[in-house]
Amino acid sequence: MTDQQPIAVAADEPESAKPTRKNGRAKLILIVVLLVALVAGIWWYIGYQDHGKYLQDTNDATVQADMVTIAPRVSGYVAEVLVAENQDVRAGQPLVRIDPRDARAQAAQAEAQIAVAGAQADTARAQINEQYAAIEQARAQLAAARSKAAYDAAEVARYRPLAASGAETRQQLAQLEVAARQSADNVRAAQAAVAAQQRRVGSLESQVAQGRAQGQAARAQLAAASVDVGATQLTAPIGGRIGDKTVTIGQYVQAGTRLMSIVPLDRLYITANFKETQLALMRPGQPVEIHIDALDDVVVKGRVESLAPGTGAQFSLLPPQNATGNFTKITQRVPVRVSIEATPAARRLLIPGLSVTVTVDTRSARDEMQQLREQAGR
């Protein structure tokens, strides 16, 4: 029994030392964790001061495109629909054909009016040629009347002294005077006839001018009708993808009615609405990271293209009037246009309307803000 007692005391010594070793290990771990947290905090602070505070982001952003609405210039029944919903089309590709018979009939009517106006002008020109002959005839008659009047006047002058001396009778002189007056009247009538015939030429020339004007008007109508004939076939003004197609064969469409839209998927951009407090250092050309909600873990590059000249509220249908007396200050947002710098494979996955998160790196303009502060403090 005496030999076993020291063995029991030696076995108890390691049990009493275990809590001390555990406490020392825990303190060491705590110190390491605190050091790591301190280093991470310092690292984060340095990173935030260097670039973190210059990264401006917003999730109020969407992919957009300048879509083109397809609408006819003329009314009519749809004869053919040459594309399908969501089909890719190229610029100039036929989309819809409207029955062209009405437009062609109007063009034929305009051509007939051109022919009628030309015939009227030709008739007036022929009448002018005839009128020149009539004028020559009237002038000849005027010359004959003048000769006759001169002869009668000479006879009166010759018989007047004879009648005064009694060599000729007064009755003969009176007859000659009457004939002289009639000849003078005939001269005036011939002169009036010549003037009338000459004025008739002016009237006929105005008819020629009227015919030319009617022909020009008819040619203008023909040009318009020809344009309408061409407008019966609607073609794609740009390349893109067909969307929101509402037209069907046999449908009667009015001019200006929306039939479909073309979305240029190769010219997509992003409109990001940043708060006014985020715009101090934002400049065109700054790099952008774009996180697309529909594409997990995919980051697309871009650049700031331009900033809107006013806040979104200013371009609304009813802009706010802050002078009404019940003003409440609200942080305004300004639309910023961001161009997309993505590969063709990534672009094929983008469509207008997708929600995105945009982060703009504004470090390139931080020196400008420092200069502004220094200038403001002067």
# chains A, B, ... in the order shown; residues from 1 in each chain; ligands from 1
>>> residues_around(residues="stretch 74-84 of chain A", least_positions_apart="6", cutoff="7 Å", atoms="only C-alpha atoms", output="PyMOL selection string")
chain A and resi 94-99+228+231-232+248-255
>>> write_last_selection(atoms="C-alpha atoms", output="tab-separated table (two decimals), in the first residue's frame")
chain	number	residue	atom	x	y	z
A	94	PRO	CA	-39.42	43.08	-96.91
A	95	LEU	CA	-41.75	42.79	-93.93
A	96	VAL	CA	-45.36	43.39	-95.03
A	97	ARG	CA	-47.06	43.96	-98.38
A	98	ILE	CA	-50.31	45.91	-98.61
A	99	ASP	CA	-52.67	45.41	-101.57
A	228	ASP	CA	-47.79	55.26	-102.37
A	231	ALA	CA	-45.07	52.31	-99.79
A	232	THR	CA	-47.39	49.32	-100.07
A	248	THR	CA	-52.10	39.42	-89.93
A	249	ILE	CA	-53.02	38.67	-93.54
A	250	GLY	CA	-56.34	40.22	-94.60
A	251	GLN	CA	-56.28	42.84	-91.87
A	252	TYR	CA	-57.23	46.40	-92.88
A	253	VAL	CA	-54.62	48.81	-91.57
A	254	GLN	CA	-54.79	52.57	-91.35
A	255	ALA	CA	-51.84	54.78	-92.18
>>> atom_distance(atom1="atom CA of A:Ala105", atom2="atom CA of A:Gln233")
16.2 Å
>>> atom_distance(atom1="atom CA of A:Ile128", atom2="atom CA of A:Ala193")
16.1 Å
>>> select_by_dssp(residues="stretch 62-309 of chain A", states="alpha helix (DSSP H)", output="ChimeraX atom specification")
/A:101-165,170-231
>>> write_last_selection(atoms="C-alpha atoms", output="compact mmCIF listing (two decimals), in the first residue's frame")
# COMPACT_ATOMS: atom_id res chain seq x y z
CA ARG A 101 -54.30 48.06 -106.49
CA ASP A 102 -55.79 51.26 -105.04
CA ALA A 103 -52.45 53.06 -105.22
CA ARG A 104 -51.87 51.83 -108.77
CA ALA A 105 -55.32 53.07 -109.79
CA GLN A 106 -54.50 56.51 -108.42
CA ALA A 107 -51.23 56.46 -110.36
CA ALA A 108 -53.09 55.53 -113.56
CA GLN A 109 -55.59 58.33 -112.95
CA ALA A 110 -52.73 60.80 -112.53
CA GLU A 111 -51.18 59.58 -115.79
CA ALA A 112 -54.52 60.13 -117.55
CA GLN A 113 -54.72 63.66 -116.15
CA ILE A 114 -51.24 64.33 -117.48
CA ALA A 115 -52.36 63.18 -120.94
CA VAL A 116 -55.52 65.35 -120.78
CA ALA A 117 -53.54 68.41 -119.72
CA GLY A 118 -51.05 67.83 -122.55
CA ALA A 119 -53.87 67.51 -125.09
CA GLN A 120 -55.45 70.73 -123.86
CA ALA A 121 -52.14 72.55 -124.20
CA ASP A 122 -51.63 71.15 -127.72
CA THR A 123 -55.15 72.23 -128.72
CA ALA A 124 -54.51 75.74 -127.43
CA ARG A 125 -51.22 75.89 -129.36
CA ALA A 126 -53.02 74.83 -132.58
CA GLN A 127 -55.65 77.49 -131.99
CA ILE A 128 -52.90 80.05 -131.54
CA ASN A 129 -51.50 79.15 -134.96
CA GLU A 130 -54.95 79.50 -136.44
CA GLN A 131 -55.38 82.79 -134.65
CA TYR A 132 -52.22 84.20 -136.20
CA ALA A 133 -53.76 83.48 -139.62
CA ALA A 134 -56.97 85.18 -138.52
CA ILE A 135 -54.95 88.18 -137.39
CA GLU A 136 -53.27 88.41 -140.80
CA GLN A 137 -56.68 88.24 -142.44
CA ALA A 138 -58.02 90.98 -140.16
CA ARG A 139 -55.01 93.14 -140.92
CA ALA A 140 -55.58 92.69 -144.66
CA GLN A 141 -59.22 93.70 -144.23
CA LEU A 142 -58.07 96.72 -142.22
CA ALA A 143 -55.70 97.73 -145.00
CA ALA A 144 -58.49 97.39 -147.58
CA ALA A 145 -60.83 99.43 -145.39
CA ARG A 146 -58.20 102.15 -145.01
CA SER A 147 -57.66 102.27 -148.76
CA LYS A 148 -61.41 102.53 -149.37
CA ALA A 149 -61.72 105.24 -146.71
CA ALA A 150 -58.83 107.21 -148.21
CA TYR A 151 -60.38 106.97 -151.66
CA ASP A 152 -63.82 108.11 -150.42
CA ALA A 153 -62.28 110.97 -148.50
CA ALA A 154 -60.41 112.06 -151.64
CA GLU A 155 -63.63 111.93 -153.67
CA VAL A 156 -65.41 114.10 -151.13
CA ALA A 157 -62.55 116.57 -151.20
CA ARG A 158 -62.65 116.63 -155.02
CA TYR A 159 -66.45 117.03 -155.34
CA ARG A 160 -66.85 119.65 -152.65
CA PRO A 161 -65.48 122.62 -154.76
CA LEU A 162 -67.35 121.34 -157.82
CA ALA A 163 -70.62 121.28 -155.92
CA ALA A 164 -69.91 124.75 -154.58
CA SER A 165 -69.43 126.08 -158.14
CA ARG A 170 -75.29 118.74 -153.99
CA GLN A 171 -76.93 115.29 -153.98
CA GLN A 172 -73.84 113.68 -155.48
CA LEU A 173 -71.64 115.34 -152.84
CA ALA A 174 -73.93 114.13 -150.08
CA GLN A 175 -73.73 110.55 -151.38
CA LEU A 176 -69.96 110.74 -151.46
CA GLU A 177 -69.84 112.10 -147.90
CA VAL A 178 -72.06 109.26 -146.67
CA ALA A 179 -69.79 106.73 -148.42
CA ALA A 180 -66.72 108.38 -146.81
CA ARG A 181 -68.25 108.14 -143.34
CA GLN A 182 -69.12 104.49 -143.91
CA SER A 183 -65.56 103.82 -145.05
CA ALA A 184 -64.20 105.52 -141.90
CA ASP A 185 -66.52 103.39 -139.77
CA ASN A 186 -65.33 100.29 -141.62
CA VAL A 187 -61.74 101.23 -140.80
CA ARG A 188 -62.52 101.52 -137.10
CA ALA A 189 -64.38 98.19 -137.19
CA ALA A 190 -61.42 96.54 -138.92
CA GLN A 191 -59.06 97.99 -136.30
CA ALA A 192 -61.28 96.62 -133.53
CA ALA A 193 -61.32 93.22 -135.25
CA VAL A 194 -57.51 93.18 -135.41
CA ALA A 195 -57.29 94.10 -131.70
CA ALA A 196 -59.82 91.41 -130.82
CA GLN A 197 -57.91 88.79 -132.76
CA GLN A 198 -54.68 89.80 -131.02
CA ARG A 199 -56.32 89.61 -127.59
CA ARG A 200 -57.57 86.15 -128.51
CA VAL A 201 -53.93 85.08 -128.85
CA GLY A 202 -53.28 86.13 -125.26
CA SER A 203 -56.30 84.13 -124.09
CA LEU A 204 -55.10 81.05 -125.95
CA GLU A 205 -51.59 81.43 -124.52
CA SER A 206 -53.10 81.51 -121.02
CA GLN A 207 -54.87 78.25 -121.89
CA VAL A 208 -51.51 76.78 -122.86
CA ALA A 209 -50.03 77.92 -119.55
CA GLN A 210 -53.05 76.48 -117.74
CA GLY A 211 -52.55 73.16 -119.52
CA ARG A 212 -48.89 73.13 -118.50
CA ALA A 213 -49.83 73.89 -114.90
CA GLN A 214 -52.43 71.14 -114.90
CA GLY A 215 -49.84 68.79 -116.34
CA GLN A 216 -47.37 69.69 -113.58
CA ALA A 217 -50.06 69.14 -110.95
CA ALA A 218 -50.93 65.78 -112.49
CA ARG A 219 -47.24 64.81 -112.56
CA ALA A 220 -46.99 65.73 -108.88
CA GLN A 221 -50.02 63.53 -108.20
CA LEU A 222 -48.38 60.76 -110.20
CA ALA A 223 -45.20 61.09 -108.15
CA ALA A 224 -47.23 60.92 -104.93
CA ALA A 225 -49.18 57.94 -106.25
CA SER A 226 -45.93 56.24 -107.25
CA VAL A 227 -44.60 56.79 -103.76
CA ASP A 228 -47.79 55.26 -102.37
CA VAL A 229 -47.35 52.27 -104.67
CA GLY A 230 -43.83 51.80 -103.34
CA ALA A 231 -45.07 52.31 -99.79
>>> residues_around(residues="stretch 86-91 of chain A", least_positions_apart="2", cutoff="10 Å", atoms="only C-alpha atoms", output="list of chain:residue names")
A:Val83, A:Ala84, A:Gln93, A:Pro94, A:Leu95, A:Thr235, A:Ala236, A:Pro237, A:Ile238, A:Gly239, A:Gly240, A:Arg241, A:Ile242, A:Gly243, A:Asp244, A:Lys245, A:Ser261, A:Ile262, A:Val263, A:Pro264, A:Leu265
>>> atom_distance(atom1="atom CA of A:Ala346", atom2="atom CA of A:Pro284")
23.4 Å
>>> closest_residue(among="A:Val358, A:Val32, A:Leu234, A:Leu317", to="A:Glu289", atoms="only C-alpha atoms")
A:Val358
>>> residues_around(residues="A:Arg363", least_positions_apart="2", cutoff="9 Å", atoms="only C-alpha atoms", output="MDAnalysis selection string")
chainID A and resid 50:51 53:55 281:282 286 361 365:367
>>> closest_residue(among="A:Gly256, A:Gly92, A:Pro335, A:Gly41", to="A:Arg73", atoms="only C-alpha atoms")
A:Gly256
>>> closest_residue(among="A:Lys275, A:Arg258, A:Arg347, A:Arg267", to="A:Thr311", atoms="only C-alpha atoms")
A:Lys275
>>> residues_around(residues="A:Asp293", least_positions_apart="4", cutoff="8 Å", atoms="only C-alpha atoms", output="PyMOL selection string")
chain A and resi 354-357
>>> decode(residues="stretch 52-82 of chain A", atoms="N, CA and C atoms", output="CSV table (one decimal), in the first residue's frame")
chain,number,residue,atom,x,y,z
A,52,GLY,N,-12.3,52.2,-53.2
A,52,GLY,CA,-13.7,51.8,-52.8
A,52,GLY,C,-14.7,53.0,-52.8
A,53,LYS,N,-14.3,54.1,-52.2
A,53,LYS,CA,-15.3,55.2,-52.1
A,53,LYS,C,-15.5,55.9,-53.4
A,54,TYR,N,-14.7,55.5,-54.5
A,54,TYR,CA,-14.9,56.1,-55.8
A,54,TYR,C,-15.7,55.2,-56.7
A,55,LEU,N,-16.2,54.1,-56.2
A,55,LEU,CA,-17.1,53.2,-57.0
A,55,LEU,C,-18.5,53.5,-56.7
A,56,GLN,N,-19.2,54.0,-57.6
A,56,GLN,CA,-20.6,54.4,-57.5
A,56,GLN,C,-21.5,53.3,-58.2
A,57,ASP,N,-22.4,52.8,-57.5
A,57,ASP,CA,-23.2,51.7,-58.1
A,57,ASP,C,-24.7,52.0,-57.9
A,58,THR,N,-25.5,51.4,-58.7
A,58,THR,CA,-27.0,51.5,-58.6
A,58,THR,C,-27.6,50.2,-59.2
A,59,ASN,N,-28.7,49.8,-58.7
A,59,ASN,CA,-29.5,48.7,-59.3
A,59,ASN,C,-30.7,49.2,-60.0
A,60,ASP,N,-30.8,50.5,-60.1
A,60,ASP,CA,-31.9,51.2,-60.8
A,60,ASP,C,-31.4,51.4,-62.3
A,61,ALA,N,-31.3,50.3,-63.0
A,61,ALA,CA,-30.7,50.3,-64.3
A,61,ALA,C,-31.3,49.2,-65.1
A,62,THR,N,-31.5,49.4,-66.4
A,62,THR,CA,-32.0,48.4,-67.3
A,62,THR,C,-31.3,48.5,-68.7
A,63,VAL,N,-31.4,47.4,-69.4
A,63,VAL,CA,-30.9,47.3,-70.7
A,63,VAL,C,-31.9,47.9,-71.7
A,64,GLN,N,-31.5,48.7,-72.6
A,64,GLN,CA,-32.4,49.4,-73.5
A,64,GLN,C,-31.9,49.4,-74.9
A,65,ALA,N,-32.8,49.7,-75.9
A,65,ALA,CA,-32.4,49.8,-77.3
A,65,ALA,C,-33.4,50.8,-77.9
A,66,ASP,N,-32.9,51.4,-79.0
A,66,ASP,CA,-33.7,52.4,-79.7
A,66,ASP,C,-34.5,51.6,-80.7
A,67,MET,N,-35.7,51.1,-80.3
A,67,MET,CA,-36.5,50.3,-81.1
A,67,MET,C,-37.2,51.1,-82.2
A,68,VAL,N,-37.5,50.5,-83.3
A,68,VAL,CA,-38.1,51.2,-84.5
A,68,VAL,C,-39.5,50.6,-84.6
A,69,THR,N,-40.5,51.5,-84.6
A,69,THR,CA,-41.9,51.0,-84.8
A,69,THR,C,-42.2,51.0,-86.3
A,70,ILE,N,-42.7,49.9,-86.8
A,70,ILE,CA,-43.1,49.8,-88.2
A,70,ILE,C,-44.6,50.1,-88.4
A,71,ALA,N,-44.8,51.1,-89.2
A,71,ALA,CA,-46.2,51.5,-89.5
A,71,ALA,C,-46.3,51.9,-91.0
A,72,PRO,N,-47.5,51.6,-91.6
A,72,PRO,CA,-47.6,51.9,-93.0
A,72,PRO,C,-47.9,53.4,-93.3
A,73,ARG,N,-47.5,53.8,-94.5
A,73,ARG,CA,-47.7,55.2,-94.9
A,73,ARG,C,-49.1,55.3,-95.6
A,74,VAL,N,-49.6,54.2,-96.1
A,74,VAL,CA,-50.9,54.1,-96.8
A,74,VAL,C,-51.8,53.2,-96.1
A,75,SER,N,-53.1,53.4,-96.3
A,75,SER,CA,-54.1,52.5,-95.8
A,75,SER,C,-54.5,51.4,-96.8
A,76,GLY,N,-54.9,50.2,-96.3
A,76,GLY,CA,-55.3,49.2,-97.2
A,76,GLY,C,-55.3,47.8,-96.5
A,77,TYR,N,-55.6,46.8,-97.3
A,77,TYR,CA,-55.7,45.5,-96.8
A,77,TYR,C,-54.3,44.8,-96.9
A,78,VAL,N,-53.9,44.1,-95.9
A,78,VAL,CA,-52.6,43.4,-95.9
A,78,VAL,C,-52.7,42.2,-96.8
A,79,ALA,N,-51.8,42.1,-97.8
A,79,ALA,CA,-51.8,41.0,-98.7
A,79,ALA,C,-50.9,39.9,-98.3
A,80,GLU,N,-49.7,40.3,-97.7
A,80,GLU,CA,-48.7,39.3,-97.3
A,80,GLU,C,-48.0,39.8,-96.0
A,81,VAL,N,-47.7,38.9,-95.1
A,81,VAL,CA,-46.8,39.1,-94.0
A,81,VAL,C,-45.6,38.2,-94.1
A,82,LEU,N,-44.5,38.9,-94.4
A,82,LEU,CA,-43.3,38.1,-94.8
A,82,LEU,C,-42.3,37.8,-93.7
